[in-house]
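As structure tokens, the structure follows; a few thoughts come after it.
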Amino acid sequence: MAQTKLVFDNIPICLVHKHRVKLLRDSTAIPIVDHVLDLSALSPNLNDALWPVPQRTHDTCAVCGTTKEVTSHHLVPREFLKHLPYETKLDILQIVDLCAKCHGIYEREANQFKIKLEKSLGVVTKDVLDTRLMRAKQCAGALLRYRDKLSLSRLGYCLSDLADYFGRYDFNTLDLEEIMSKPHYARGQNRGWLILNRYKDLERFALLWQIHFVEWYLAKQKKMLDKACAE
Ligand SMILES: [Zn+2]
């Protein structure tokens with residue numbers, strides 16, 4: 001059976017499994033047409049009930065429950081937040097705790113979603129070669145491969161180039177691997193601004209990201225639960 005697609009303001013958000021579709025359809029009373037559940041007419045007071053953002057604990061990953069390497073994740077990505085005035089930012093600032101591994105997995109999903117947003121909103125950005133990131137990736141590679149064998153001066157150069165790009169000095173193996181996986185053809189630097197500019201209603205923009213994250217989070221949790229039951 002074909003999966004149902006969630007759509008909001010003409011933007012396809014994600015596919016959802018049938019156990020979730022039934023709940024969404026029953027709670028929103030929105031009909032499914034051609035495997036599409038269009039949430040644009042959604043009643044605002046259903047938002048938090050249907051897409052509950054996990055409570056913050058500051059030390060436990062909301063997805064897998066580990067207490068190792070817990071980071072904070074902004075539901076509305078920083079790429080957009082940085083263009084907002086402080087007070088506006090506070091209104092839509094939702095943060096969840098994710099471990100480095102789960103964070104990396106979701107970031108990849110979020111990047112795909114940003115590309116979808118670009119397409120849906122007709123935003124055109126050029127790929128730009130990010131030479132500073134290229135340099136940072138070389139340093140991350142050197143640290144990963146030769147950490148113990150690097151001379152002190154070489155180690156210093158590598159760390160300062162990484163700090164120059166990322167604004168910090170502490171990198172564990174997972175961080176370095178994540179840096180290595182970043183594409184150095186950065187999407188146009190102004191993509192966040194261009195997208196925000198098209199998407200005028202910030203509350204709806206924040207809700208879009210909330211739905212995207214929570215659907216991913218619920219699907220991920222269900223998968224883990226199913227796996228645990230099967231074992
Ligand atoms: Zn995790």
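We label chains A, B, ... in the order they appear in the structure tokens, count residues from 1 in each chain, and number ligands from 1 in the order shown.
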
Q | Close residues to ligand 1 using only C-alpha atoms and all ligand atoms, limit 12 Å, as a ChimeraX atom specification | A | /A:59-73,96-106,217,220-221,224

Selection file, N, CA and C atoms, as a PDB file, in the first residue's frame:
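And here is the file that came out, selection.pdb:
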ATOM      1  N   ASP A  59      20.488  16.173  29.432  1.00  0.00           N
ATOM      2  CA  ASP A  59      21.560  15.168  29.521  1.00  0.00           C
ATOM      3  C   ASP A  59      21.181  13.808  28.941  1.00  0.00           C
ATOM      4  N   THR A  60      20.001  13.725  28.307  1.00  0.00           N
ATOM      5  CA  THR A  60      19.581  12.442  27.739  1.00  0.00           C
ATOM      6  C   THR A  60      19.089  12.656  26.316  1.00  0.00           C
ATOM      7  N   CYS A  61      19.524  11.804  25.385  1.00  0.00           N
ATOM      8  CA  CYS A  61      19.068  11.931  24.003  1.00  0.00           C
ATOM      9  C   CYS A  61      17.574  11.601  23.940  1.00  0.00           C
ATOM     10  N   ALA A  62      16.789  12.497  23.331  1.00  0.00           N
ATOM     11  CA  ALA A  62      15.341  12.309  23.267  1.00  0.00           C
ATOM     12  C   ALA A  62      14.967  11.096  22.419  1.00  0.00           C
ATOM     13  N   VAL A  63      15.856  10.685  21.515  1.00  0.00           N
ATOM     14  CA  VAL A  63      15.524   9.575  20.621  1.00  0.00           C
ATOM     15  C   VAL A  63      15.970   8.234  21.197  1.00  0.00           C
ATOM     16  N   CYS A  64      17.273   8.102  21.482  1.00  0.00           N
ATOM     17  CA  CYS A  64      17.765   6.769  21.861  1.00  0.00           C
ATOM     18  C   CYS A  64      18.002   6.637  23.362  1.00  0.00           C
ATOM     19  N   GLY A  65      17.946   7.765  24.080  1.00  0.00           N
ATOM     20  CA  GLY A  65      18.052   7.698  25.531  1.00  0.00           C
ATOM     21  C   GLY A  65      19.462   7.641  26.088  1.00  0.00           C
ATOM     22  N   THR A  66      20.455   7.711  25.216  1.00  0.00           N
ATOM     23  CA  THR A  66      21.830   7.668  25.740  1.00  0.00           C
ATOM     24  C   THR A  66      22.147   8.972  26.481  1.00  0.00           C
ATOM     25  N   THR A  67      23.140   8.904  27.383  1.00  0.00           N
ATOM     26  CA  THR A  67      23.552  10.128  28.080  1.00  0.00           C
ATOM     27  C   THR A  67      24.943  10.540  27.606  1.00  0.00           C
ATOM     28  N   LYS A  68      25.435   9.845  26.549  1.00  0.00           N
ATOM     29  CA  LYS A  68      26.768  10.177  26.020  1.00  0.00           C
ATOM     30  C   LYS A  68      26.663  11.230  24.928  1.00  0.00           C
ATOM     31  N   GLU A  69      27.522  12.221  24.972  1.00  0.00           N
ATOM     32  CA  GLU A  69      27.647  13.234  23.916  1.00  0.00           C
ATOM     33  C   GLU A  69      26.304  13.846  23.531  1.00  0.00           C
ATOM     34  N   VAL A  70      25.605  14.339  24.527  1.00  0.00           N
ATOM     35  CA  VAL A  70      24.290  14.934  24.254  1.00  0.00           C
ATOM     36  C   VAL A  70      24.468  16.398  23.823  1.00  0.00           C
ATOM     37  N   THR A  71      23.841  16.732  22.715  1.00  0.00           N
ATOM     38  CA  THR A  71      23.960  18.072  22.138  1.00  0.00           C
ATOM     39  C   THR A  71      22.561  18.695  22.084  1.00  0.00           C
ATOM     40  N   SER A  72      22.495  19.992  21.850  1.00  0.00           N
ATOM     41  CA  SER A  72      21.158  20.570  21.699  1.00  0.00           C
ATOM     42  C   SER A  72      20.871  20.845  20.228  1.00  0.00           C
ATOM     43  N   HIS A  73      19.647  20.557  19.857  1.00  0.00           N
ATOM     44  CA  HIS A  73      19.238  20.731  18.461  1.00  0.00           C
ATOM     45  C   HIS A  73      18.115  21.759  18.376  1.00  0.00           C
ATOM     46  N   VAL A  96      15.683  20.622  21.362  1.00  0.00           N
ATOM     47  CA  VAL A  96      15.594  19.273  21.924  1.00  0.00           C
ATOM     48  C   VAL A  96      17.005  18.733  22.149  1.00  0.00           C
ATOM     49  N   ASP A  97      17.128  17.767  23.046  1.00  0.00           N
ATOM     50  CA  ASP A  97      18.434  17.176  23.335  1.00  0.00           C
ATOM     51  C   ASP A  97      18.603  15.910  22.496  1.00  0.00           C
ATOM     52  N   LEU A  98      19.676  15.891  21.717  1.00  0.00           N
ATOM     53  CA  LEU A  98      19.974  14.722  20.893  1.00  0.00           C
ATOM     54  C   LEU A  98      21.433  14.351  21.053  1.00  0.00           C
ATOM     55  N   CYS A  99      21.730  13.039  21.035  1.00  0.00           N
ATOM     56  CA  CYS A  99      23.136  12.642  21.087  1.00  0.00           C
ATOM     57  C   CYS A  99      23.756  12.934  19.717  1.00  0.00           C
ATOM     58  N   ALA A 100      25.085  12.950  19.681  1.00  0.00           N
ATOM     59  CA  ALA A 100      25.781  13.320  18.439  1.00  0.00           C
ATOM     60  C   ALA A 100      25.330  12.424  17.279  1.00  0.00           C
ATOM     61  N   LYS A 101      25.119  11.131  17.547  1.00  0.00           N
ATOM     62  CA  LYS A 101      24.774  10.211  16.461  1.00  0.00           C
ATOM     63  C   LYS A 101      23.372  10.520  15.916  1.00  0.00           C
ATOM     64  N   CYS A 102      22.372  10.589  16.810  1.00  0.00           N
ATOM     65  CA  CYS A 102      20.993  10.874  16.371  1.00  0.00           C
ATOM     66  C   CYS A 102      20.926  12.253  15.722  1.00  0.00           C
ATOM     67  N   HIS A 103      21.690  13.198  16.273  1.00  0.00           N
ATOM     68  CA  HIS A 103      21.723  14.557  15.721  1.00  0.00           C
ATOM     69  C   HIS A 103      22.196  14.522  14.264  1.00  0.00           C
ATOM     70  N   GLY A 104      23.279  13.768  14.038  1.00  0.00           N
ATOM     71  CA  GLY A 104      23.823  13.662  12.680  1.00  0.00           C
ATOM     72  C   GLY A 104      22.806  13.060  11.727  1.00  0.00           C
ATOM     73  N   ILE A 105      22.086  12.016  12.188  1.00  0.00           N
ATOM     74  CA  ILE A 105      21.104  11.357  11.325  1.00  0.00           C
ATOM     75  C   ILE A 105      19.989  12.347  10.973  1.00  0.00           C
ATOM     76  N   TYR A 106      19.502  13.073  11.996  1.00  0.00           N
ATOM     77  CA  TYR A 106      18.413  14.017  11.697  1.00  0.00           C
ATOM     78  C   TYR A 106      18.896  15.161  10.812  1.00  0.00           C
ATOM     79  N   TYR A 217      11.041  11.811  14.566  1.00  0.00           N
ATOM     80  CA  TYR A 217      11.304  11.334  15.923  1.00  0.00           C
ATOM     81  C   TYR A 217      10.373  10.173  16.284  1.00  0.00           C
ATOM     82  N   LYS A 220      11.267   7.088  14.241  1.00  0.00           N
ATOM     83  CA  LYS A 220      12.527   6.535  14.752  1.00  0.00           C
ATOM     84  C   LYS A 220      12.269   5.756  16.050  1.00  0.00           C
ATOM     85  N   GLN A 221      11.441   6.327  16.922  1.00  0.00           N
ATOM     86  CA  GLN A 221      11.138   5.661  18.190  1.00  0.00           C
ATOM     87  C   GLN A 221      10.369   4.376  17.966  1.00  0.00           C
ATOM     88  N   MET A 224      12.684   1.697  16.874  1.00  0.00           N
ATOM     89  CA  MET A 224      13.482   1.175  17.972  1.00  0.00           C
ATOM     90  C   MET A 224      12.657   0.254  18.861  1.00  0.00           C
TER      91      MET A 224
END

Q. Closest to Asn197 in chain A among A:Asp161, A:Glu118, A:Asp34, A:Asp226, using only C-alpha atoms?
A. A:Glu118

Q.
Quick one: residues within 6 Å of range 135-147 of chain A, only C-alpha atoms, excluding same-chain residues fewer than 3 positions away - as a PyMOL selection string?
A. chain A and resi 132+150+158+161-162+176+180

Q | Long-range neighbours of Leu93 in chain A as JSON, numbers by chain, 12 Å cut-off, only C-alpha atoms, 3 positions minimum in chain | A | {"A": [53, 72, 73, 74, 75, 76, 77, 78, 80, 81, 82, 84, 85, 86, 87, 88, 89, 90, 96, 202, 203, 205, 206, 207, 209, 210]}

Restricting the output to C-alpha atoms, write the selected residues as an mmCIF file, in the first residue's frame.
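Writing done, so here's part_21.cif:
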data_model
loop_
_atom_site.group_PDB
_atom_site.id
_atom_site.type_symbol
_atom_site.label_atom_id
_atom_site.label_comp_id
_atom_site.auth_asym_id
_atom_site.auth_seq_id
_atom_site.Cartn_x
_atom_site.Cartn_y
_atom_site.Cartn_z
ATOM 1 C CA VAL A 53 8.184 18.277 21.048
ATOM 2 C CA SER A 72 21.158 20.570 21.699
ATOM 3 C CA HIS A 73 19.238 20.731 18.461
ATOM 4 C CA HIS A 74 17.233 23.726 17.243
ATOM 5 C CA LEU A 75 14.016 22.647 15.566
ATOM 6 C CA VAL A 76 14.158 25.683 13.294
ATOM 7 C CA PRO A 77 17.710 25.445 11.932
ATOM 8 C CA ARG A 78 20.264 28.105 12.805
ATOM 9 C CA PHE A 80 17.195 30.597 9.437
ATOM 10 C CA LEU A 81 17.317 31.693 13.076
ATOM 11 C CA LYS A 82 20.415 33.802 12.528
ATOM 12 C CA LEU A 84 15.808 36.881 12.947
ATOM 13 C CA PRO A 85 15.789 39.609 15.578
ATOM 14 C CA TYR A 86 16.315 38.315 19.115
ATOM 15 C CA GLU A 87 12.697 38.698 20.334
ATOM 16 C CA THR A 88 11.252 36.979 17.260
ATOM 17 C CA LYS A 89 13.774 34.207 17.643
ATOM 18 C CA LEU A 90 12.686 33.561 21.230
ATOM 19 C CA VAL A 96 15.594 19.273 21.924
ATOM 20 C CA LEU A 202 7.238 32.658 11.029
ATOM 21 C CA GLU A 203 4.909 30.717 13.291
ATOM 22 C CA PHE A 205 7.510 28.203 9.381
ATOM 23 C CA ALA A 206 8.333 27.011 12.902
ATOM 24 C CA LEU A 207 5.376 24.596 12.829
ATOM 25 C CA TRP A 209 9.919 22.281 11.208
ATOM 26 C CA GLN A 210 8.141 20.998 14.295
#

Q: Output as a VMD selection string all residues of range 8-56 of chain A that backbone DSSP marks as helix (DSSP H, G or I).
A: chain A and resid 18 to 28 39 to 41 44 to 50

Output file for the selection above: C-alpha atoms, as a compact mmCIF listing (two decimals), in the first residue's frame:
# COMPACT_ATOMS: atom_id res chain seq x y z
CA LYS A 18 -0.41 3.89 8.32
CA HIS A 19 -0.47 3.64 12.14
CA ARG A 20 0.28 7.36 12.28
CA VAL A 21 -2.00 8.31 9.38
CA LYS A 22 -5.06 6.98 11.16
CA LEU A 23 -4.40 9.13 14.23
CA LEU A 24 -3.68 12.24 12.18
CA ARG A 25 -6.75 11.76 10.01
CA ASP A 26 -9.05 11.11 12.95
CA SER A 27 -7.72 14.03 15.00
CA THR A 28 -7.62 16.63 12.27
CA LEU A 39 -2.36 19.99 6.75
CA SER A 40 -2.67 23.58 5.52
CA ALA A 41 -6.16 23.97 7.00
CA PRO A 44 -3.68 25.74 15.50
CA ASN A 45 -4.68 24.27 18.87
CA LEU A 46 -3.99 20.75 17.60
CA ASN A 47 -0.34 21.45 16.95
CA ASP A 48 1.24 20.56 20.24
CA ALA A 49 -1.08 17.64 20.84
CA LEU A 50 -0.31 16.04 17.49

**Q.** Option closest in space to Asn10 in chain A, from A:Pro183, A:Pro31, A:Gly156, A:Gly122 [counting only C-alpha atoms]
**A.** A:Gly122

Q: Determine which residues of range 42-199 of chain A DSSP labels as strand (DSSP E) from the backbone of this structure, then write them out as a PyMOL selection string.
A: chain A and resi 70-74+95-99+127-129+185-187

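Among A:Glu231, A:Asp164, A:Glu107, A:Asp9, the residue with the shortest atom-to-atom distance to Ser120 in chain A, counting only C-alpha atoms, is A:Asp9.
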
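Distances to His35 in chain A were evaluated for A:Thr4, A:Gln94, A:Gln55, A:Thr125 using only C-alpha atoms, and the minimum falls at A:Thr4.
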
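Nearest to Lys182 in chain A of all the residues A:Val7, A:Met134, A:Ala230, A:Ile32 is A:Met134, based on only C-alpha atoms.
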
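Considering only C-alpha atoms, the residue among A:Leu159, A:Leu196, A:Val36, A:Ala29 positioned nearest to Phe171 in chain A is A:Leu159.
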
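One distance worth recording is that between CA of Asn111 in chain A and CA of Leu42 in chain A, which is 25.1 Å.
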